[in-house]
file structure37.cif (mmCIF, C-alpha atoms)
data_model
#
loop_
_atom_site.label_atom_id
_atom_site.label_comp_id
_atom_site.auth_asym_id
_atom_site.auth_seq_id
_atom_site.Cartn_x
_atom_site.Cartn_y
_atom_site.Cartn_z
CA MET A 139 0.00 0.00 0.00
CA LEU A 140 2.73 2.39 0.92
CA SER A 141 4.09 2.27 -2.57
CA SER A 142 1.30 4.41 -3.94
CA PHE A 143 2.10 7.11 -1.41
CA THR A 144 5.78 7.49 -2.00
CA ILE A 145 5.54 8.28 -5.65
CA HIS A 146 3.88 11.53 -6.64
CA PRO A 147 4.74 14.38 -4.32
CA GLU A 148 3.24 16.91 -6.70
CA LYS A 149 -0.08 15.09 -7.06
CA LEU A 150 -0.33 14.34 -3.39
CA ALA A 151 0.03 18.00 -2.56
CA PHE A 152 -3.67 18.38 -3.33
CA THR A 153 -4.77 15.76 -0.81
CA PRO A 154 -3.73 16.63 2.75
CA ALA A 155 -4.65 13.24 4.20
CA LEU A 156 -2.49 11.39 1.74
CA ARG A 157 0.31 13.85 2.13
CA LEU A 158 0.51 13.11 5.82
CA GLN A 159 0.84 9.42 5.13
CA ASN A 160 3.35 10.18 2.45
CA SER A 161 5.63 12.00 4.85
CA MET A 162 5.26 9.21 7.38
CA ALA A 163 6.15 6.62 4.80
CA GLN A 164 9.30 8.47 3.89
CA LYS A 165 10.89 7.68 7.24
CA THR A 166 11.80 10.28 9.79
CA TYR A 167 14.12 12.45 7.75
CA HIS A 168 11.18 14.32 6.28
CA LYS A 169 9.95 15.77 9.50
CA ILE A 170 8.78 18.92 7.79
CA GLU A 171 5.54 17.70 6.41
CA ASP A 172 5.55 19.68 3.21
CA PHE A 173 9.17 19.33 2.20
CA GLN A 174 8.82 18.80 -1.55
CA PRO A 175 12.34 18.88 -2.94
CA GLU A 176 11.26 18.36 -6.55
CA GLU A 177 8.86 21.31 -6.35
CA LEU A 178 11.50 23.47 -4.69
CA LEU A 179 14.05 22.62 -7.35
CA ARG A 180 11.55 23.43 -10.06
CA ALA A 181 10.84 26.78 -8.41
CA VAL A 182 14.56 27.54 -8.45
CA GLY A 183 14.80 26.60 -12.10
CA ALA A 184 11.64 28.33 -13.28
CA ARG A 185 11.85 31.63 -11.38
CA GLN A 186 15.13 31.68 -9.46
CA ASP A 187 13.25 31.29 -6.19
CA ARG A 188 15.79 32.03 -3.45
CA ALA A 189 13.55 30.93 -0.57
CA ALA A 190 13.14 27.53 -2.23
CA PHE A 191 16.89 27.38 -2.77
CA VAL A 192 17.59 28.08 0.91
CA LYS A 193 15.20 25.29 1.93
CA LEU A 194 17.01 22.86 -0.36
CA PHE A 195 20.33 23.98 1.04
CA ALA A 196 19.13 23.56 4.63
CA HIS A 197 18.07 19.98 3.94
CA TYR A 198 20.75 18.72 1.59
CA ALA A 199 23.93 20.66 2.43
CA PRO A 200 24.47 18.84 5.77
CA ARG A 201 23.83 15.49 4.09
CA VAL A 202 26.07 16.22 1.14
CA LYS A 203 28.78 17.31 3.58
CA SER A 204 28.39 14.07 5.50
CA TYR A 205 28.79 12.11 2.24
CA LEU A 206 31.93 14.10 1.39
CA LEU A 207 33.47 13.55 4.81
CA LYS A 208 32.99 9.81 4.36
CA HIS A 209 34.92 10.04 1.10
CA GLY A 210 38.00 11.48 2.65
CA ALA A 211 37.41 15.24 2.45
CA ASP A 212 38.46 17.21 5.50
CA ASP A 213 36.05 19.71 7.00
CA ALA A 214 37.26 22.74 5.02
CA ALA A 215 37.38 20.85 1.72
CA ALA A 216 33.92 19.40 2.35
CA GLU A 217 32.44 22.87 2.93
CA GLU A 218 34.04 24.16 -0.22
CA ILE A 219 32.67 21.27 -2.27
CA VAL A 220 29.25 21.84 -0.70
CA GLN A 221 29.44 25.46 -1.86
CA ASN A 222 30.46 24.50 -5.37
CA THR A 223 27.70 21.91 -5.46
CA PHE A 224 24.99 24.39 -4.52
CA VAL A 225 26.24 27.12 -6.83
CA THR A 226 25.86 24.54 -9.62
CA VAL A 227 22.45 23.47 -8.30
CA TRP A 228 21.41 27.12 -8.69
CA GLU A 229 22.91 27.47 -12.14
CA LYS A 230 21.62 24.20 -13.56
CA ALA A 231 18.25 23.99 -11.82
CA ARG A 232 16.45 24.71 -15.07
CA SER A 233 17.71 21.44 -16.53
CA PHE A 234 16.27 19.40 -13.63
CA ASP A 235 13.55 17.07 -14.91
CA PRO A 236 11.49 15.42 -12.16
CA LYS A 237 10.40 12.74 -14.63
CA LYS A 238 13.97 11.55 -14.93
CA ALA A 239 15.32 11.78 -11.42
CA ALA A 240 14.41 12.57 -7.85
CA ALA A 241 15.85 15.82 -6.48
CA SER A 242 18.13 13.88 -4.14
CA THR A 243 19.51 11.91 -7.09
CA TRP A 244 20.09 15.03 -9.15
CA ILE A 245 21.89 16.77 -6.30
CA PHE A 246 23.90 13.62 -5.62
CA THR A 247 25.25 13.54 -9.18
CA ILE A 248 26.37 17.17 -8.92
CA ALA A 249 28.02 16.59 -5.54
CA ARG A 250 29.70 13.46 -6.88
CA ASN A 251 31.18 15.35 -9.85
CA LYS A 252 32.38 18.22 -7.65
CA ARG A 253 33.93 15.73 -5.24
CA ILE A 254 35.90 14.10 -8.00
CA ASP A 255 37.01 17.41 -9.49
CA ALA A 256 38.20 18.60 -6.10
CA LEU A 257 39.62 15.55 -4.42
CA ARG A 258 41.24 13.90 -7.36
CA ARG A 259 43.34 15.60 -9.91
CA GLU A 260 41.43 13.73 -12.55
CA LYS A 261 38.60 14.95 -14.66
CA PHE A 262 35.35 13.08 -14.50
CA VAL A 263 33.88 13.10 -17.97
CA GLU A 264 30.19 13.86 -17.85
CA VAL A 265 27.61 13.04 -20.45
CA ASN A 266 26.59 16.35 -21.92
CA SER A 267 22.87 16.24 -22.50
CA ASP A 268 23.29 18.80 -25.27
CA ALA A 269 25.54 16.47 -27.24
CA PRO A 270 24.08 15.88 -30.70
CA ALA A 271 24.41 12.10 -30.50
CA LEU A 272 22.56 11.94 -27.21
CA ALA A 273 19.80 14.22 -28.38
CA GLN A 274 19.20 11.94 -31.34
CA ALA A 275 19.17 8.76 -29.33
CA GLU A 276 16.97 10.26 -26.67
CA GLN A 277 13.70 10.50 -28.53
CA PRO A 278 12.45 7.05 -29.49
CA ALA A 279 14.57 4.96 -27.15
CA ASP A 280 13.64 6.77 -23.95
CA ALA A 281 10.02 7.51 -24.74
CA ALA A 282 8.73 4.59 -22.73
CA TYR A 283 10.85 5.51 -19.77
CA ALA A 284 10.05 9.19 -19.51
CA ASP A 285 6.65 8.72 -17.94
CA GLU A 286 5.70 10.17 -14.63
CA ASP A 287 5.83 6.92 -12.72
CA ALA A 288 9.38 5.99 -13.60
CA VAL A 289 11.02 7.79 -10.69
CA GLY A 290 8.55 6.38 -8.22
CA ARG A 291 8.92 2.86 -9.56
CA LEU A 292 12.64 3.15 -9.25
CA ALA A 293 12.26 4.22 -5.61
CA GLN A 294 10.07 1.17 -5.17
CA ALA A 295 12.64 -1.10 -6.75
CA LEU A 296 15.21 0.20 -4.28
CA ASP A 297 12.77 -0.44 -1.42
CA ASP A 298 12.11 -3.95 -2.69
CA LEU A 299 15.74 -5.06 -2.72
CA PRO A 300 16.32 -7.63 0.00
CA GLU A 301 18.00 -5.87 2.92
CA GLU A 302 21.20 -7.85 2.67
CA GLN A 303 21.64 -7.08 -1.05
CA ALA A 304 20.87 -3.41 -0.51
CA ARG A 305 23.41 -3.21 2.30
CA LEU A 306 26.16 -4.87 0.29
CA LEU A 307 25.42 -2.69 -2.73
CA ARG A 308 25.70 0.43 -0.65
CA MET A 309 28.99 -0.67 0.81
CA ALA A 310 30.41 -1.42 -2.61
CA PHE A 311 28.96 1.76 -4.00
CA PHE A 312 29.67 4.41 -1.44
CA GLU A 313 32.50 3.32 0.71
CA ASP A 314 34.87 2.37 -2.07
CA LYS A 315 35.26 -1.06 -0.54
CA SER A 316 36.57 -4.03 -2.42
CA HIS A 317 34.56 -7.26 -2.38
CA GLY A 318 37.25 -8.75 -0.16
CA ALA A 319 36.95 -5.95 2.39
CA ILE A 320 33.17 -6.28 2.42
CA ALA A 321 33.42 -10.05 2.94
CA LYS A 322 35.78 -9.52 5.86
CA GLU A 323 33.66 -6.85 7.48
CA THR A 324 30.32 -8.59 7.12
CA LYS A 325 31.75 -12.08 7.72
CA ILE A 326 29.93 -13.24 4.60
CA PRO A 327 31.96 -15.52 2.33
CA LEU A 328 33.53 -13.75 -0.64
CA GLY A 329 31.64 -15.84 -3.23
CA THR A 330 28.34 -15.02 -1.52
CA VAL A 331 29.18 -11.30 -1.43
CA LYS A 332 29.88 -11.38 -5.16
CA SER A 333 26.75 -13.29 -6.07
CA ARG A 334 24.51 -11.10 -3.90
CA LEU A 335 26.00 -7.97 -5.40
CA ARG A 336 25.44 -9.36 -8.86
CA LEU A 337 21.81 -10.21 -8.01
CA GLY A 338 21.25 -6.76 -6.54
CA LEU A 339 22.62 -5.05 -9.62
CA GLU A 340 20.57 -7.25 -11.93
CA LYS A 341 17.40 -6.55 -9.98
CA LEU A 342 17.96 -2.83 -10.24
CA ARG A 343 18.84 -3.07 -13.89
CA HIS A 344 15.66 -4.95 -14.68
CA ALA A 345 13.42 -3.01 -12.34
CA LEU A 346 12.07 -0.69 -15.00
CA SER A 347 12.45 -2.81 -18.11
CA LYS A 348 9.82 -5.23 -16.80
CA GLU A 349 7.38 -2.39 -16.35
CA THR A 350 8.04 -1.25 -19.88
CA GLU A 351 7.45 -4.71 -21.32
CA ARG A 352 4.11 -5.01 -19.57
CA LYS A 353 2.72 -1.94 -21.34
CA MET B 95 25.97 -5.44 -24.23
CA ARG B 96 25.28 -9.14 -24.28
CA ARG B 97 28.38 -10.56 -22.69
CA ASP B 98 29.83 -10.05 -19.33
CA VAL B 99 26.94 -8.10 -17.90
CA LEU B 100 28.46 -8.41 -14.46
CA SER B 101 31.51 -6.45 -15.46
CA LEU B 102 29.46 -3.94 -17.40
CA ASP B 103 27.21 -3.40 -14.39
CA GLN B 104 30.27 -2.89 -12.27
CA LEU B 105 31.67 -0.39 -14.74
CA LEU B 106 28.38 1.51 -14.79
CA LEU B 107 28.11 1.32 -11.03
CA GLY B 108 31.64 2.69 -10.77
CA TYR B 109 30.60 5.58 -12.99
CA ALA B 110 27.47 6.28 -10.93
CA ALA B 111 29.43 6.14 -7.69
CA GLY B 112 32.14 8.40 -9.08
CA ARG B 113 34.95 5.89 -8.78
CA LEU B 114 36.28 6.02 -12.33
CA GLY B 115 39.23 8.03 -13.58
CA THR B 116 39.39 10.16 -16.70
CA ALA B 117 39.92 7.37 -19.25
CA GLU B 118 37.25 5.04 -17.87
CA SER B 119 34.70 7.79 -17.36
CA LEU B 120 35.31 8.99 -20.94
CA VAL B 121 34.49 5.51 -22.25
CA VAL B 122 31.36 5.28 -20.10
CA ALA B 123 30.24 8.82 -20.99
CA ALA B 124 30.56 7.95 -24.70
CA LEU B 125 28.66 4.70 -24.10
CA LEU B 126 25.88 6.56 -22.31
CA ALA B 127 25.52 9.01 -25.17
CA LEU B 128 25.04 6.11 -27.61
CA ASN B 129 23.20 3.52 -25.58
CA ALA B 130 19.86 4.14 -23.86
CA ASP B 131 19.97 0.84 -21.92
CA ALA B 132 23.27 1.76 -20.32
CA ARG B 133 21.94 5.22 -19.57
CA ARG B 134 18.96 3.75 -17.77
CA ALA B 135 21.16 1.42 -15.77
CA VAL B 136 23.31 4.35 -14.63
CA GLU B 137 20.21 6.36 -13.75
CA LYS B 138 19.13 3.50 -11.50
CA PHE B 139 22.48 3.35 -9.79
CA GLU B 140 22.49 7.11 -9.37
CA ALA B 141 19.06 6.89 -7.77
CA MET B 142 20.70 4.70 -5.16
CA GLY B 143 23.16 7.55 -4.66
CA GLY B 144 20.26 9.95 -4.12
CA ARG B 145 18.84 7.53 -1.59
CA VAL B 146 22.10 7.39 0.29
CA ILE B 147 22.37 11.21 0.37
CA GLU B 148 18.83 11.34 1.74
CA GLU B 149 19.73 8.90 4.48
CA GLU B 150 23.05 10.44 5.52
CA ASP B 151 23.24 11.79 9.05
CA PRO B 152 23.37 15.56 8.60
CA ALA B 153 26.80 17.03 9.36
CA ASP B 154 27.20 20.51 10.85
CA VAL B 155 27.52 23.09 8.14
CA CYS B 156 29.02 26.40 9.12
CA THR B 157 26.60 29.32 8.75
CA SER B 158 28.99 31.25 6.53
CA CYS B 159 28.71 28.42 4.00
CA LEU B 160 25.18 29.39 2.94
CA GLU B 161 26.10 33.09 3.01
CA GLU B 162 29.01 32.42 0.71
CA VAL B 163 26.82 30.45 -1.70
CA LEU B 164 24.21 33.22 -1.73
CA ARG B 165 26.93 35.77 -2.38
CA ARG B 166 28.25 33.73 -5.29
CA ILE B 167 24.86 33.30 -6.92
CA ALA B 168 23.84 36.92 -6.37
CA GLY B 169 22.86 38.41 -9.68
CA SER B 170 23.64 35.24 -11.55
CA GLY B 171 20.90 33.37 -13.27
CA PRO B 172 21.20 29.97 -14.84
CA SER B 173 24.34 30.13 -16.92
CA PRO B 174 24.30 29.19 -20.59
CA ALA B 175 26.41 26.18 -21.51
CA PRO B 176 29.87 27.31 -22.58
CA VAL B 177 30.60 26.81 -26.24
CA ARG B 178 33.95 25.19 -26.68
CA PRO B 179 35.87 25.03 -29.90
CA SER B 180 36.20 21.54 -31.23
CA VAL B 181 39.75 20.28 -31.24
CA CYS B 182 39.33 17.00 -33.06
CA ASP B 183 37.12 17.26 -36.09
CA ASP B 184 38.09 13.87 -37.50
CA LEU B 185 36.70 11.92 -34.55
CA PRO B 186 33.06 10.78 -34.50
CA GLU B 187 30.49 12.06 -32.04
CA PRO B 188 29.97 11.77 -29.11
CA LEU B 189 33.71 11.40 -28.64
CA ARG B 190 34.50 14.73 -30.28
CA SER B 191 32.28 16.72 -27.92
CA LEU B 192 33.39 14.78 -24.88
CA ILE B 193 37.05 15.32 -25.60
CA SER B 194 36.44 18.99 -26.33
CA SER B 195 34.83 19.26 -22.90
CA CYS B 196 37.99 18.03 -21.19
CA ALA B 197 40.72 19.09 -23.58
CA GLU B 198 43.02 19.94 -20.68
CA GLU B 199 42.96 16.42 -19.30
CA ILE B 200 43.14 14.45 -22.51
CA GLU B 201 45.90 14.95 -24.97
CA LEU B 202 45.36 13.70 -28.49
CA GLU B 203 48.32 12.17 -30.27
CA ARG B 204 48.44 12.10 -34.03
CA TRP B 205 47.02 9.23 -36.09
CA ARG B 206 49.35 6.30 -36.67
CA HIS B 207 48.85 4.04 -39.62
CA ALA B 208 48.60 0.32 -38.98
CA ARG B 209 48.27 -2.75 -41.19
CA GLY B 210 45.46 -3.20 -43.66
CA GLY B 211 44.55 0.47 -43.89
CA ALA B 212 43.66 0.71 -40.20
CA ARG B 213 44.85 3.59 -38.09
CA THR B 214 45.01 4.29 -34.38
CA ARG B 215 45.16 7.43 -32.36
CA ARG B 216 46.21 7.48 -28.75
CA LEU B 217 44.35 9.59 -26.21
CA ARG B 218 46.72 10.42 -23.42
CA ALA B 219 44.87 10.68 -20.13
CA ASN B 220 46.20 10.60 -16.63
CA THR B 221 46.27 6.81 -16.45
CA GLU B 222 48.51 3.82 -16.86
CA ARG B 223 45.99 2.28 -19.17
CA GLY B 224 46.02 2.58 -22.91
CA LEU B 225 43.20 4.54 -24.50
CA HIS B 226 43.00 4.52 -28.30
CA VAL B 227 40.65 5.25 -31.11
CA LEU B 228 40.91 2.44 -33.65
CA GLU B 229 39.60 3.02 -37.15
CA MET B 230 39.32 0.00 -39.45
CA PRO B 231 38.23 0.00 -43.10
CA PRO B 232 35.66 -2.62 -44.23
CA GLY B 233 36.92 -6.19 -43.72
CA CYS B 234 40.10 -5.15 -41.94
CA ALA B 235 41.12 -7.57 -39.17
CA VAL B 236 43.40 -7.25 -36.16
CA PRO B 237 45.55 -10.43 -36.08
CA PRO B 238 44.51 -13.01 -33.43
CA HIS B 239 45.62 -11.91 -29.98
CA SER B 240 44.79 -12.08 -26.30
CA HIS B 241 45.15 -9.41 -23.64
CA ALA B 242 47.11 -8.89 -20.49
CA GLY B 243 44.35 -7.50 -18.30
CA VAL B 244 40.89 -6.30 -19.22
CA GLU B 245 40.06 -4.81 -22.60
CA ILE B 246 37.00 -2.59 -23.01
CA THR B 247 35.88 -1.76 -26.54
CA LEU B 248 33.08 0.66 -27.40
CA VAL B 249 31.84 0.77 -31.00
CA LEU B 250 31.42 4.41 -32.10
CA GLU B 251 30.68 3.81 -35.79
CA GLY B 252 29.98 0.74 -37.93
CA ALA B 253 30.46 -2.75 -36.53
CA TYR B 254 33.05 -5.48 -35.96
CA SER B 255 32.87 -9.16 -35.18
CA ASP B 256 35.10 -11.44 -33.15
CA ALA B 257 34.92 -14.66 -31.11
CA LEU B 258 32.20 -13.07 -28.93
CA GLY B 259 29.88 -12.14 -31.79
CA VAL B 260 28.94 -9.00 -33.71
CA HIS B 261 29.38 -5.65 -31.98
CA ARG B 262 27.50 -2.69 -33.40
CA LYS B 263 27.45 1.03 -32.78
CA GLY B 264 26.72 1.66 -29.11
CA ASP B 265 27.74 -1.88 -28.02
CA ILE B 266 30.46 -2.31 -25.46
CA ALA B 267 32.54 -5.48 -25.19
CA ILE B 268 34.45 -6.27 -22.04
CA VAL B 269 37.06 -8.99 -22.36
CA ALA B 270 38.20 -9.95 -18.90
CA ASP B 271 39.43 -13.45 -19.74
CA GLU B 272 43.13 -13.27 -20.52
CA ARG B 273 42.93 -16.63 -22.31
CA LEU B 274 40.44 -15.43 -24.90
CA VAL B 275 42.05 -15.13 -28.31
CA HIS B 276 40.11 -12.92 -30.71
CA SER B 277 40.58 -11.28 -34.05
CA PRO B 278 38.28 -8.27 -34.34
CA THR B 279 37.21 -7.86 -37.97
CA ALA B 280 35.45 -4.78 -39.29
CA GLY B 281 32.06 -5.22 -40.96
CA PRO B 282 31.13 -3.96 -44.44
CA GLU B 283 30.83 -0.33 -43.27
CA GLY B 284 34.14 -0.39 -41.48
CA CYS B 285 34.40 0.38 -37.81
CA VAL B 286 35.55 3.06 -35.39
CA CYS B 287 36.09 1.98 -31.78
CA LEU B 288 37.26 3.45 -28.53
CA VAL B 289 39.51 0.88 -26.85
CA LEU B 290 40.72 0.87 -23.26
CA THR B 291 43.39 -1.68 -22.39
CA GLU B 292 45.18 -2.54 -19.17
CA GLY B 293 48.16 -4.26 -20.67
CA PRO B 294 49.76 -5.03 -24.01
CA LEU B 295 48.24 -7.24 -26.71
CA ARG B 296 49.67 -10.72 -26.99
CA PHE B 297 49.64 -11.81 -30.58
CA ALA B 298 49.12 -15.51 -31.23
CA ALA B 299 51.42 -15.93 -34.25
CA PRO B 300 55.21 -15.51 -33.85
CA VAL B 301 55.45 -13.13 -36.80
CA GLU B 302 52.72 -10.94 -35.37
CA ARG B 303 54.48 -11.01 -32.04
CA ILE B 304 57.45 -9.37 -33.68
CA ILE B 305 55.58 -6.82 -35.71
CA GLY B 306 52.67 -6.59 -33.28
CA PHE B 307 53.77 -3.24 -32.04
CA ILE B 308 52.28 -1.82 -35.19
CA PHE B 309 48.88 -2.42 -33.72
CA ARG B 310 49.55 -0.42 -30.65
CA VAL B 311 46.14 -0.69 -29.17
#
call {"tool": "encode", "arguments": {"input": "structure37.cif", "output": "structure tokens"}}
result
Amino acid sequence: MLSSFTIHPEKLAFTPALRLQNSMAQKTYHKIEDFQPEELLRAVGARQDRAAFVKLFAHYAPRVKSYLLKHGADDAAAEEIVQNTFVTVWEKARSFDPKKAAASTWIFTIARNKRIDALRREKFVEVNSDAPALAQAEQPADAAYADEDAVGRLAQALDDLPEEQARLLRMAFFEDKSHGAIAKETKIPLGTVKSRLRLGLEKLRHALSKETERK
Amino acid sequence: MRRDVLSLDQLLLGYAAGRLGTAESLVVAALLALNADARRAVEKFEAMGGRVIEEEDPADVCTSCLEEVLRRIAGSGPSPAPVRPSVCDDLPEPLRSLISSCAEEIELERWRHARGGARTRRLRANTERGLHVLEMPPGCAVPPHSHAGVEITLVLEGAYSDALGVHRKGDIAIVADERLVHSPTAGPEGCVCLVLTEGPLRFAAPVERIIGFIFRV
């Protein structure tokens, strides 16, 4: 049942009863009942809404900083990357498309790129959505995907991952841990770690394609 | 995209998590521009990143941090994308645009001619690995060889076939088995590939071993 409540923040905004359940379903980090990051980001993009921007900053800056600290930034470097991240959030907000990504995901990708630019001396090559080749490929191939439910279904797919797989995936993903290190830490045999990671990745990869086939 | 999905997933996951260096992220960025399936997979992995950000314990952010951001964005609206001059007009898209966007990090060497009308061009990035563009005319074949380490090949134009099957534009082939001997052969339209290698090619025939350096891929 909960699945139907976690999906459409913008639609649910018209139904106060549902919205309450929505915020409850989204765990405790959304204590402010009407925190609608996608709406806020759209307001920043559409009319350079500073109040909306400050709300986004208040929610995400501390979390982005926490992510950066875990990846080896010291306090000063983390704050600088947070600043660079949010300056880019402001500048690029117009390109945010809530049909393609949740606000948290969009902000994550910016923070990730700033982290790499700052902490490593290497350039992280980004896909430029203005690239001619991408623009061409975009239209027919992604038509089925760019529907309003896609982001919500993806959130659901993440929720549906068995806890163990989700935990291992996160460790491999965000803590730069090798399979061996994960096996040691979790006391799960190496072969099992590998196969569970593989299953987790496959589940995610197929999460939306199944939906598309059904249509 | 058919073979070795595990390794491809790991490559895409590495991209989403921000673990890849310049050369690897260039290959993945080019793949994403050409291949909608890969793009969707990365979007899923990035959504996991968004989830993790949402669940992080908030760290203390100094109050001057927001003030500084507000000062920096004062008076600035969304900025138009910078237009960069293209530095490599004889490379196919999306590679041309991608390299133009990071011209400081990737140095383009000149084309070198290889056997059978093929030519290669090294992209020097900050990595130990070899990164080359390989252009093969129709029917051209690289002599049978195996690899020390993993080889990742992205087809940018045309198609080639080898022991693993036919690889078309937008396909990526990951050869992680050092015992696999293959002889990539361009299809009737010829083929342009972006090839990332960890170690040197090991040619199967003694003669090729001697002159193999010609195919410096």
call {"tool": "residues_around", "arguments": {"input": "structure37.cif", "residues": "Cys234 in chain B", "least_positions_apart": "4", "cutoff": "8 Å", "atoms": "all atoms listed in the file", "output": "PyMOL selection string"}}
result
chain B and resi 210-212+230+279-280+284
call {"tool": "write_last_selection", "arguments": {"input": "structure37.cif", "atoms": "C-alpha atoms", "output": "tab-separated table (two decimals), in the frame of the given file"}}
result
chain	number	residue	atom	x	y	z
B	210	GLY	CA	45.46	-3.20	-43.66
B	211	GLY	CA	44.55	0.47	-43.89
B	212	ALA	CA	43.66	0.71	-40.20
B	230	MET	CA	39.32	0.00	-39.45
B	279	THR	CA	37.21	-7.86	-37.97
B	280	ALA	CA	35.45	-4.78	-39.29
B	284	GLY	CA	34.14	-0.39	-41.48
call {"tool": "resolve_selection", "arguments": {"input": "structure37.cif", "expression": "the PyMOL selection byres ((chain B) within 8 of (chain A))", "output": "PDB file with C-alpha atoms, keeping the file's coordinate frame"}}
result
ATOM      1  CA  LEU B 100      28.460  -8.410 -14.460  1.00  0.00           C
ATOM      2  CA  ASP B 103      27.210  -3.400 -14.390  1.00  0.00           C
ATOM      3  CA  LEU B 107      28.110   1.320 -11.030  1.00  0.00           C
ATOM      4  CA  GLY B 108      31.640   2.690 -10.770  1.00  0.00           C
ATOM      5  CA  ALA B 110      27.470   6.280 -10.930  1.00  0.00           C
ATOM      6  CA  ALA B 111      29.430   6.140  -7.690  1.00  0.00           C
ATOM      7  CA  GLY B 112      32.140   8.400  -9.080  1.00  0.00           C
ATOM      8  CA  ARG B 113      34.950   5.890  -8.780  1.00  0.00           C
ATOM      9  CA  LEU B 114      36.280   6.020 -12.330  1.00  0.00           C
ATOM     10  CA  GLY B 115      39.230   8.030 -13.580  1.00  0.00           C
ATOM     11  CA  THR B 116      39.390  10.160 -16.700  1.00  0.00           C
ATOM     12  CA  SER B 119      34.700   7.790 -17.360  1.00  0.00           C
ATOM     13  CA  LEU B 120      35.310   8.990 -20.940  1.00  0.00           C
ATOM     14  CA  ALA B 123      30.240   8.820 -20.990  1.00  0.00           C
ATOM     15  CA  ALA B 124      30.560   7.950 -24.700  1.00  0.00           C
ATOM     16  CA  LEU B 126      25.880   6.560 -22.310  1.00  0.00           C
ATOM     17  CA  ALA B 127      25.520   9.010 -25.170  1.00  0.00           C
ATOM     18  CA  LEU B 128      25.040   6.110 -27.610  1.00  0.00           C
ATOM     19  CA  ASN B 129      23.200   3.520 -25.580  1.00  0.00           C
ATOM     20  CA  ALA B 130      19.860   4.140 -23.860  1.00  0.00           C
ATOM     21  CA  ARG B 134      18.960   3.750 -17.770  1.00  0.00           C
ATOM     22  CA  ALA B 135      21.160   1.420 -15.770  1.00  0.00           C
ATOM     23  CA  GLU B 137      20.210   6.360 -13.750  1.00  0.00           C
ATOM     24  CA  LYS B 138      19.130   3.500 -11.500  1.00  0.00           C
ATOM     25  CA  PHE B 139      22.480   3.350  -9.790  1.00  0.00           C
ATOM     26  CA  GLU B 140      22.490   7.110  -9.370  1.00  0.00           C
ATOM     27  CA  ALA B 141      19.060   6.890  -7.770  1.00  0.00           C
ATOM     28  CA  MET B 142      20.700   4.700  -5.160  1.00  0.00           C
ATOM     29  CA  GLY B 143      23.160   7.550  -4.660  1.00  0.00           C
ATOM     30  CA  GLY B 144      20.260   9.950  -4.120  1.00  0.00           C
ATOM     31  CA  ARG B 145      18.840   7.530  -1.590  1.00  0.00           C
ATOM     32  CA  VAL B 146      22.100   7.390   0.290  1.00  0.00           C
ATOM     33  CA  ILE B 147      22.370  11.210   0.370  1.00  0.00           C
ATOM     34  CA  GLU B 148      18.830  11.340   1.740  1.00  0.00           C
ATOM     35  CA  GLU B 149      19.730   8.900   4.480  1.00  0.00           C
ATOM     36  CA  GLU B 150      23.050  10.440   5.520  1.00  0.00           C
ATOM     37  CA  ASP B 151      23.240  11.790   9.050  1.00  0.00           C
ATOM     38  CA  PRO B 152      23.370  15.560   8.600  1.00  0.00           C
ATOM     39  CA  ALA B 153      26.800  17.030   9.360  1.00  0.00           C
ATOM     40  CA  ASP B 154      27.200  20.510  10.850  1.00  0.00           C
ATOM     41  CA  VAL B 155      27.520  23.090   8.140  1.00  0.00           C
ATOM     42  CA  CYS B 156      29.020  26.400   9.120  1.00  0.00           C
ATOM     43  CA  CYS B 159      28.710  28.420   4.000  1.00  0.00           C
ATOM     44  CA  LEU B 160      25.180  29.390   2.940  1.00  0.00           C
ATOM     45  CA  GLU B 162      29.010  32.420   0.710  1.00  0.00           C
ATOM     46  CA  VAL B 163      26.820  30.450  -1.700  1.00  0.00           C
ATOM     47  CA  ARG B 166      28.250  33.730  -5.290  1.00  0.00           C
ATOM     48  CA  ILE B 167      24.860  33.300  -6.920  1.00  0.00           C
ATOM     49  CA  SER B 170      23.640  35.240 -11.550  1.00  0.00           C
ATOM     50  CA  GLY B 171      20.900  33.370 -13.270  1.00  0.00           C
ATOM     51  CA  PRO B 172      21.200  29.970 -14.840  1.00  0.00           C
ATOM     52  CA  SER B 173      24.340  30.130 -16.920  1.00  0.00           C
ATOM     53  CA  GLU B 187      30.490  12.060 -32.040  1.00  0.00           C
ATOM     54  CA  PRO B 188      29.970  11.770 -29.110  1.00  0.00           C
ATOM     55  CA  SER B 191      32.280  16.720 -27.920  1.00  0.00           C
ATOM     56  CA  LEU B 192      33.390  14.780 -24.880  1.00  0.00           C
ATOM     57  CA  SER B 195      34.830  19.260 -22.900  1.00  0.00           C
ATOM     58  CA  CYS B 196      37.990  18.030 -21.190  1.00  0.00           C
ATOM     59  CA  GLU B 199      42.960  16.420 -19.300  1.00  0.00           C
ATOM     60  CA  ASN B 220      46.200  10.600 -16.630  1.00  0.00           C
TER      61      ASN B 220
END
call {"tool": "atom_distance", "arguments": {"input": "structure37.cif", "atom1": "CA of Ile326 in chain A", "atom2": "CA of Ser101 in chain B"}}
result
21.2 Å
call {"tool": "atom_distance", "arguments": {"input": "structure37.cif", "atom1": "CA of Thr291 in chain B", "atom2": "CA of Ala319 in chain A"}}
result
26.0 Å
call {"tool": "atom_distance", "arguments": {"input": "structure37.cif", "atom1": "CA of Leu185 in chain B", "atom2": "CA of Trp205 in chain B"}}
result
10.8 Å
call {"tool": "closest_residue", "arguments": {"input": "structure37.cif", "among": "A:Leu257, A:Met309, A:Gly329, A:Gln294", "to": "Asp212 in chain A", "atoms": "all atoms listed in the file"}}
result
A:Leu257
call {"tool": "resolve_selection", "arguments": {"input": "structure37.cif", "expression": "the PyMOL selection byres ((chain B and resi 246) around 8)", "output": "JSON, numbers by chain"}}
result
{"B": [244, 245, 247, 248, 266, 267, 268, 269, 289, 290, 291]}
